$ cat protein-v7.txt   # compact mmCIF, C-alpha atoms
# COMPACT_ATOMS: atom_id res chain seq x y z
CA MET A 108 -223.53 -87.26 198.88
CA PRO A 109 -226.17 -89.85 199.85
CA VAL A 110 -229.88 -89.11 199.64
CA VAL A 111 -230.90 -87.53 202.93
CA ALA A 112 -234.44 -86.82 204.12
CA LEU A 113 -234.98 -84.89 207.33
CA ARG A 114 -238.06 -83.74 209.19
CA ASP A 115 -236.44 -81.53 211.79
CA SER A 116 -233.86 -78.97 210.72
CA GLU A 117 -232.05 -79.54 214.04
CA GLU A 118 -231.08 -83.08 212.88
CA ILE A 119 -228.90 -81.76 210.08
CA GLU A 120 -225.24 -82.58 210.51
CA ASP A 121 -223.87 -81.91 207.02
CA TRP A 122 -222.81 -78.23 206.93
CA ARG A 123 -223.66 -77.95 203.22
CA VAL A 124 -227.23 -79.08 203.81
CA ARG A 125 -227.42 -76.81 206.88
CA GLN A 126 -226.48 -73.81 204.67
CA MET A 127 -229.26 -74.62 202.19
CA VAL A 128 -231.84 -75.18 204.94
CA ASP A 129 -230.92 -71.81 206.47
CA VAL A 130 -231.55 -70.06 203.12
CA CYS A 131 -234.85 -71.95 202.81
CA GLY A 132 -235.79 -70.70 206.28
CA LEU A 133 -235.41 -67.14 205.02
CA TYR A 134 -237.27 -67.95 201.78
CA PHE A 135 -240.32 -69.52 203.45
CA GLY A 136 -240.25 -67.72 206.81
CA GLU A 137 -239.19 -64.18 205.99
CA LEU A 138 -240.01 -63.70 202.30
CA TRP A 139 -243.28 -65.64 201.94
CA SER A 140 -244.70 -65.79 205.49
CA ARG A 141 -243.70 -62.32 206.73
CA GLY A 142 -243.57 -60.49 203.41
CA ASN A 143 -240.06 -59.18 204.08
CA LEU A 144 -239.28 -58.35 200.43
CA ALA A 145 -235.73 -57.15 201.12
CA VAL A 146 -234.79 -60.78 201.82
CA ALA A 147 -235.15 -61.53 198.08
CA ASP A 148 -232.07 -59.40 197.37
CA ASP A 149 -230.12 -61.38 199.97
CA ILE A 150 -231.13 -64.91 198.97
CA CYS A 151 -231.93 -64.75 195.23
CA ASP A 152 -229.08 -64.80 192.73
CA ALA A 153 -229.21 -62.23 189.89
CA ALA A 154 -230.02 -65.15 187.53
CA PHE A 155 -232.79 -66.46 189.84
CA VAL A 156 -235.79 -68.18 188.20
CA HIS A 157 -239.06 -69.30 189.86
CA THR A 158 -241.63 -71.56 188.16
CA ASP A 159 -244.95 -72.89 189.43
CA SER A 160 -246.55 -76.09 188.11
CA ILE A 161 -250.08 -74.72 188.54
CA TRP A 162 -249.41 -71.86 186.18
CA ASN A 163 -247.82 -72.48 182.82
CA PRO A 164 -244.20 -73.42 183.64
CA SER A 165 -243.04 -71.12 180.83
CA ARG A 166 -244.32 -68.13 182.88
CA LEU A 167 -241.11 -67.48 184.74
CA VAL A 168 -240.45 -65.12 187.60
CA ALA A 169 -236.89 -64.03 186.79
CA GLY A 170 -234.59 -62.12 189.12
CA PRO A 171 -234.91 -60.78 192.67
CA SER A 172 -237.03 -57.77 191.63
CA ALA A 173 -239.58 -59.93 189.85
CA MET A 174 -239.68 -62.28 192.84
CA LYS A 175 -240.39 -59.36 195.17
CA ALA A 176 -243.26 -58.23 192.91
CA PHE A 177 -244.63 -61.80 192.77
CA VAL A 178 -244.56 -62.18 196.56
CA ARG A 179 -246.04 -58.68 197.05
CA ASP A 180 -248.93 -59.43 194.67
CA THR A 181 -249.59 -62.84 196.22
CA ARG A 182 -249.56 -61.44 199.75
CA ALA A 183 -251.91 -58.61 198.68
CA ALA A 184 -254.47 -61.32 197.85
CA TYR A 185 -253.50 -63.51 200.84
CA PRO A 186 -252.16 -61.18 203.56
CA ASP A 187 -252.14 -63.88 206.26
CA LEU A 188 -250.14 -66.35 204.14
CA VAL A 189 -247.93 -68.64 206.22
CA VAL A 190 -245.68 -71.26 204.63
CA ARG A 191 -243.90 -73.85 206.77
CA ALA A 192 -241.25 -76.33 205.66
CA VAL A 193 -242.15 -79.85 206.77
CA GLU A 194 -239.38 -82.03 205.32
CA TYR A 195 -236.10 -81.54 203.53
CA GLY A 196 -234.47 -83.93 201.09
CA THR A 197 -231.20 -83.71 199.22
CA SER A 198 -229.06 -85.83 196.95
CA ASP A 199 -226.25 -83.41 196.11
CA ALA A 200 -224.41 -80.41 197.49
CA ASP A 201 -226.42 -77.64 195.80
CA ARG A 202 -230.03 -78.83 195.52
CA LEU A 203 -232.70 -79.25 198.17
CA PHE A 204 -236.22 -80.63 197.92
CA VAL A 205 -238.60 -79.08 200.44
CA HIS A 206 -242.03 -80.46 201.31
CA TRP A 207 -244.05 -77.53 202.67
CA THR A 208 -247.55 -76.55 203.74
CA GLY A 209 -249.28 -73.22 203.39
CA SER A 210 -252.35 -71.63 204.95
CA MET A 211 -253.99 -68.43 203.76
CA THR A 212 -257.22 -66.45 203.49
CA ASN A 213 -258.17 -64.70 200.24
CA LEU A 214 -258.79 -61.12 201.40
CA GLY A 215 -257.75 -59.25 198.25
CA ARG A 216 -258.17 -59.35 194.49
CA PHE A 217 -256.66 -62.43 192.86
CA HIS A 218 -256.19 -62.68 189.09
CA GLY A 219 -258.86 -60.06 188.58
CA HIS A 220 -261.40 -61.73 190.88
CA SER A 221 -262.82 -60.22 194.07
CA ALA A 222 -261.78 -61.59 197.46
CA THR A 223 -263.61 -64.77 198.49
CA ARG A 224 -262.76 -64.41 202.19
CA GLN A 225 -262.23 -68.17 202.16
CA ASN A 226 -259.37 -69.92 203.94
CA THR A 227 -257.38 -72.44 201.96
CA LYS A 228 -254.57 -74.82 202.75
CA VAL A 229 -252.12 -76.13 200.20
CA THR A 230 -249.17 -78.45 200.27
CA GLY A 231 -246.34 -78.79 197.81
CA VAL A 232 -242.76 -79.66 197.08
CA SER A 233 -240.23 -77.12 195.88
CA MET A 234 -237.03 -78.14 194.14
CA MET A 235 -234.54 -75.48 195.18
CA SER A 236 -231.22 -75.09 193.37
CA PHE A 237 -228.41 -73.02 194.87
CA THR A 238 -225.24 -71.27 193.77
CA LYS A 239 -222.12 -73.42 194.19
CA ASP A 240 -221.39 -71.77 197.56
CA ARG A 241 -225.03 -72.42 198.63
CA SER A 242 -225.52 -68.79 199.69
CA LYS A 243 -228.24 -67.90 197.16
CA LEU A 244 -231.08 -69.50 195.26
CA VAL A 245 -230.65 -69.91 191.52
CA GLU A 246 -233.91 -71.70 190.76
CA VAL A 247 -237.10 -72.73 192.54
CA ASN A 248 -239.52 -75.13 190.83
CA VAL A 249 -242.82 -75.39 192.72
CA PHE A 250 -245.11 -78.43 192.48
CA ARG A 251 -248.25 -77.86 194.56
CA GLN A 252 -251.98 -78.11 194.96
CA PRO A 253 -254.05 -75.23 193.61
CA THR A 254 -255.68 -72.83 196.05
CA ARG A 255 -259.46 -72.78 196.38
CA GLU A 256 -259.57 -69.68 194.13
CA GLU A 257 -257.35 -71.30 191.49
CA LYS A 258 -259.61 -74.37 191.41
CA THR A 259 -262.62 -72.12 190.81
CA GLU A 260 -260.79 -70.11 188.17
CA PHE A 261 -259.72 -73.26 186.32
CA ALA A 262 -263.24 -74.71 186.48
CA ASP A 263 -264.65 -71.50 185.00
CA ARG A 264 -262.35 -71.64 181.99
CA GLU A 265 -263.74 -73.08 178.81
CA GLY A 266 -262.40 -76.61 178.61
CA GLY A 267 -261.49 -76.68 182.31
CA PHE A 268 -258.00 -77.14 183.66
CA GLU A 269 -255.30 -79.15 181.97
CA LEU A 270 -251.93 -79.59 183.60
CA HIS A 271 -248.94 -79.86 181.28
CA LEU A 272 -245.90 -81.37 182.89
CA ALA A 273 -242.50 -80.28 181.70
CA ARG A 274 -239.41 -82.45 181.78
CA LEU A 275 -237.09 -81.51 184.62
CA HIS A 276 -233.52 -80.71 183.70
CA PHE A 277 -230.92 -81.41 186.35
CA GLY A 278 -227.44 -80.13 186.13

$ encode --input "protein-v7.txt" --output "structure tokens"
Amino acid sequence: MPVVALRDSEEIEDWRVRQMVDVCGLYFGELWSRGNLAVADDICDAAFVHTDSIWNPSRLVAGPSAMKAFVRDTRAAYPDLVVRAVEYGTSDADRLFVHWTGSMTNLGRFHGHSATRQNTKVTGVSMMSFTKDRSKLVEVNVFRQPTREEKTEFADREGGFELHLARLHFG
């Protein structure tokens, strides 16, 4: 499969890519933006793993139940969170790279800190790996900007913020 990069999901002609984009639509639109937690059971494989580059990549969110708890906690801090896929890229039949943007207001406690009531926008790329039939997510690796609150939290830590990059393993 050649490398394909698409801005508009309507341009997608390859049915395999279309399947993955449809699952991503549920992931970003229903799960993250609307807080529809039941979607996690439909789109996350039992062996699902989620990592985030901002937080130590060894802190995994594993399984659909953990993903629901993670989304619930995040949306409690950012109840107006909206995430929108901007571009899709793929180079094989079971992996999709998604460039996305997010907008949110911190209206609840976040990592033990009181709400800032500040709006923040972030952008990132998620590497999304699927089951062989492309019906469920197996792994999501998120590479993104920190939120305003995360920047403040990192600055307050002794020694500041240090990002440790982990080698990606494909296959």

$ axis_aligned_box --input "protein-v7.txt" --around "region 230-234 of chain A" --padding-each-side "5 Å" --output "AutoDock Vina command-line options"
--center_x -243.1 --center_y -78.4 --center_z 197.2 --size_x 22.1 --size_y 12.5 --size_z 16.1

$ closest_residue --input "protein-v7.txt" --among "A:Thr259, A:Ser210, A:Thr230, A:Thr158" --to "Val193 (chain A)" --atoms "all atoms listed in the file"
A:Thr230

$ atom_distance --input "protein-v7.txt" --atom1 "CA of Thr181 (chain A)" --atom2 "CA of Lys258 (chain A)"
16.0 Å

$ residues_around --input "protein-v7.txt" --residues "region 236-252 of chain A" --least-positions-apart "6" --cutoff "6 Å" --atoms "only C-alpha atoms" --output "PDB file with C-alpha atoms, keeping the file's coordinate frame"
ATOM      1  CA  MET A 127    -229.260 -74.620 202.190  1.00  0.00           C
ATOM      2  CA  ILE A 150    -231.130 -64.910 198.970  1.00  0.00           C
ATOM      3  CA  CYS A 151    -231.930 -64.750 195.230  1.00  0.00           C
ATOM      4  CA  ASP A 152    -229.080 -64.800 192.730  1.00  0.00           C
ATOM      5  CA  PHE A 155    -232.790 -66.460 189.840  1.00  0.00           C
ATOM      6  CA  VAL A 156    -235.790 -68.180 188.200  1.00  0.00           C
ATOM      7  CA  HIS A 157    -239.060 -69.300 189.860  1.00  0.00           C
ATOM      8  CA  THR A 158    -241.630 -71.560 188.160  1.00  0.00           C
ATOM      9  CA  ASP A 159    -244.950 -72.890 189.430  1.00  0.00           C
ATOM     10  CA  SER A 160    -246.550 -76.090 188.110  1.00  0.00           C
ATOM     11  CA  ASP A 201    -226.420 -77.640 195.800  1.00  0.00           C
ATOM     12  CA  ARG A 202    -230.030 -78.830 195.520  1.00  0.00           C
ATOM     13  CA  VAL A 229    -252.120 -76.130 200.200  1.00  0.00           C
ATOM     14  CA  THR A 230    -249.170 -78.450 200.270  1.00  0.00           C
TER      15      THR A 230
END

$ residues_around --input "protein-v7.txt" --residues "Ser172 (chain A)" --least-positions-apart "6" --cutoff "10 Å" --atoms "all atoms listed in the file" --output "list in words"
Leu144, Ala145, Ala147, Asp148, Cys151, Ala153 and Phe155 of chain A

$ atom_distance --input "protein-v7.txt" --atom1 "CA of Gly132 (chain A)" --atom2 "CA of Arg216 (chain A)"
27.7 Å

$ atom_distance --input "protein-v7.txt" --atom1 "CA of Val190 (chain A)" --atom2 "CA of Phe135 (chain A)"
5.8 Å

$ closest_residue --input "protein-v7.txt" --among "A:Asp129, A:Glu256, A:Asp199, A:Glu194" --to "Ala222 (chain A)" --atoms "only C-alpha atoms"
A:Glu256

$ closest_residue --input "protein-v7.txt" --among "A:Ala192, A:Pro186, A:Ala200, A:Glu260" --to "Trp122 (chain A)" --atoms "all atoms listed in the file"
A:Ala200

$ decode --input "protein-v7.txt" --residues "region 126-266 of chain A" --atoms "C-alpha atoms" --output "CSV table (one decimal), in the first residue's frame"
chain,number,residue,atom,x,y,z
A,126,GLN,CA,-12.7,1.4,7.7
A,127,MET,CA,-10.0,2.9,9.8
A,128,VAL,CA,-11.1,6.4,9.3
A,129,ASP,CA,-14.6,5.4,10.3
A,130,VAL,CA,-13.3,4.0,13.6
A,131,CYS,CA,-11.3,7.1,14.2
A,132,GLY,CA,-14.4,9.2,13.7
A,133,LEU,CA,-16.0,7.3,16.6
A,134,TYR,CA,-12.8,7.6,18.7
A,135,PHE,CA,-12.4,11.4,18.3
A,136,GLY,CA,-16.1,12.3,17.7
A,137,GLU,CA,-18.1,10.1,20.0
A,138,LEU,CA,-15.6,9.0,22.7
A,139,TRP,CA,-13.5,12.1,23.2
A,140,SER,CA,-15.7,15.0,22.0
A,141,ARG,CA,-19.1,13.7,23.2
A,142,GLY,CA,-18.0,11.6,26.1
A,143,ASN,CA,-19.9,8.6,24.9
A,144,LEU,CA,-18.0,6.0,27.0
A,145,ALA,CA,-19.9,3.0,25.6
A,146,VAL,CA,-18.1,3.5,22.3
A,147,ALA,CA,-14.8,2.3,23.9
A,148,ASP,CA,-16.3,-1.2,24.2
A,149,ASP,CA,-17.2,-1.1,20.5
A,150,ILE,CA,-13.9,0.3,19.1
A,151,CYS,CA,-11.2,-0.8,21.6
A,152,ASP,CA,-9.8,-4.4,21.4
A,153,ALA,CA,-9.5,-6.3,24.7
A,154,ALA,CA,-5.7,-5.8,24.4
A,155,PHE,CA,-6.0,-2.1,23.7
A,156,VAL,CA,-3.1,0.2,24.9
A,157,HIS,CA,-3.0,4.0,24.9
A,158,THR,CA,0.1,6.0,25.5
A,159,ASP,CA,0.7,9.8,25.7
A,160,SER,CA,4.1,11.4,25.0
A,161,ILE,CA,3.4,14.2,27.5
A,162,TRP,CA,3.1,11.8,30.3
A,163,ASN,CA,5.6,9.1,30.8
A,164,PRO,CA,5.1,6.7,27.9
A,165,SER,CA,5.3,3.8,30.4
A,166,ARG,CA,2.1,4.9,32.0
A,167,LEU,CA,-0.2,2.9,29.9
A,168,VAL,CA,-4.0,3.0,29.6
A,169,ALA,CA,-4.8,-0.7,29.0
A,170,GLY,CA,-8.1,-2.1,27.9
A,171,PRO,CA,-11.5,-0.6,27.1
A,172,SER,CA,-12.4,-0.1,30.8
A,173,ALA,CA,-9.3,1.9,31.6
A,174,MET,CA,-9.8,4.0,28.4
A,175,LYS,CA,-13.3,4.8,29.6
A,176,ALA,CA,-12.0,5.9,33.0
A,177,PHE,CA,-9.3,8.0,31.3
A,178,VAL,CA,-11.7,9.8,29.0
A,179,ARG,CA,-14.2,10.3,31.9
A,180,ASP,CA,-11.5,11.8,34.1
A,181,THR,CA,-10.2,14.0,31.3
A,182,ARG,CA,-13.7,15.2,30.4
A,183,ALA,CA,-14.4,15.9,34.1
A,184,ALA,CA,-11.6,18.5,34.0
A,185,TYR,CA,-12.4,19.6,30.4
A,186,PRO,CA,-16.2,19.1,29.9
A,187,ASP,CA,-16.3,21.1,26.7
A,188,LEU,CA,-13.4,19.1,25.1
A,189,VAL,CA,-13.8,18.8,21.3
A,190,VAL,CA,-11.2,16.9,19.2
A,191,ARG,CA,-11.3,17.1,15.4
A,192,ALA,CA,-9.3,15.0,12.9
A,193,VAL,CA,-7.6,17.3,10.4
A,194,GLU,CA,-5.5,14.9,8.3
A,195,TYR,CA,-5.1,11.2,7.9
A,196,GLY,CA,-2.0,9.3,6.7
A,197,THR,CA,-1.4,5.7,6.1
A,198,SER,CA,1.3,3.4,4.8
A,199,ASP,CA,-0.2,0.0,5.5
A,200,ALA,CA,-3.5,-1.8,5.9
A,201,ASP,CA,-3.8,-1.6,9.7
A,202,ARG,CA,-2.2,1.6,10.8
A,203,LEU,CA,-3.4,5.2,10.5
A,204,PHE,CA,-1.7,8.4,11.5
A,205,VAL,CA,-4.1,11.2,12.4
A,206,HIS,CA,-3.2,14.9,12.8
A,207,TRP,CA,-5.9,16.4,15.1
A,208,THR,CA,-6.7,19.5,17.0
A,209,GLY,CA,-8.4,19.9,20.3
A,210,SER,CA,-10.1,22.8,22.1
A,211,MET,CA,-11.1,22.7,25.8
A,212,THR,CA,-11.7,24.8,28.9
A,213,ASN,CA,-10.4,23.6,32.3
A,214,LEU,CA,-13.5,23.7,34.5
A,215,GLY,CA,-12.7,20.9,36.9
A,216,ARG,CA,-9.9,19.5,39.0
A,217,PHE,CA,-6.9,18.4,37.0
A,218,HIS,CA,-4.1,16.3,38.5
A,219,GLY,CA,-5.0,17.6,41.9
A,220,HIS,CA,-5.1,21.3,40.9
A,221,SER,CA,-8.2,23.5,41.0
A,222,ALA,CA,-9.9,24.5,37.7
A,223,THR,CA,-8.2,27.4,35.9
A,224,ARG,CA,-11.2,28.3,33.8
A,225,GLN,CA,-8.8,28.9,31.0
A,226,ASN,CA,-9.3,27.8,27.4
A,227,THR,CA,-6.5,25.9,25.7
A,228,LYS,CA,-6.0,24.5,22.2
A,229,VAL,CA,-3.7,21.7,21.4
A,230,THR,CA,-2.6,19.9,18.3
A,231,GLY,CA,-1.1,16.4,17.9
A,232,VAL,CA,-0.6,13.3,15.9
A,233,SER,CA,-1.9,9.9,17.0
A,234,MET,CA,-0.5,6.7,15.6
A,235,MET,CA,-3.4,4.3,15.6
A,236,SER,CA,-3.0,0.6,15.1
A,237,PHE,CA,-5.9,-1.7,14.3
A,238,THR,CA,-6.8,-5.3,14.5
A,239,LYS,CA,-6.2,-7.2,11.2
A,240,ASP,CA,-9.9,-6.7,10.2
A,241,ARG,CA,-9.6,-3.0,11.0
A,242,SER,CA,-12.7,-3.1,13.2
A,243,LYS,CA,-11.0,-2.2,16.5
A,244,LEU,CA,-8.1,-0.2,17.9
A,245,VAL,CA,-5.2,-2.2,19.3
A,246,GLU,CA,-2.9,0.7,20.2
A,247,VAL,CA,-3.0,4.5,20.2
A,248,ASN,CA,0.3,6.5,20.6
A,249,VAL,CA,-0.4,10.2,21.1
A,250,PHE,CA,2.3,12.9,20.3
A,251,ARG,CA,0.9,16.3,21.2
A,252,GLN,CA,1.4,19.7,22.8
A,253,PRO,CA,0.8,20.0,26.5
A,254,THR,CA,-2.3,21.9,27.7
A,255,ARG,CA,-2.0,25.2,29.5
A,256,GLU,CA,-2.4,23.4,32.8
A,257,GLU,CA,0.2,20.8,32.0
A,258,LYS,CA,2.7,23.5,31.1
A,259,THR,CA,2.1,25.1,34.4
A,260,GLU,CA,2.4,21.8,36.3
A,261,PHE,CA,5.6,20.9,34.5
A,262,ALA,CA,7.1,24.4,35.2
A,263,ASP,CA,6.2,24.0,38.9
A,264,ARG,CA,8.1,20.7,39.2
A,265,GLU,CA,11.6,20.9,40.6
A,266,GLY,CA,13.9,20.6,37.6
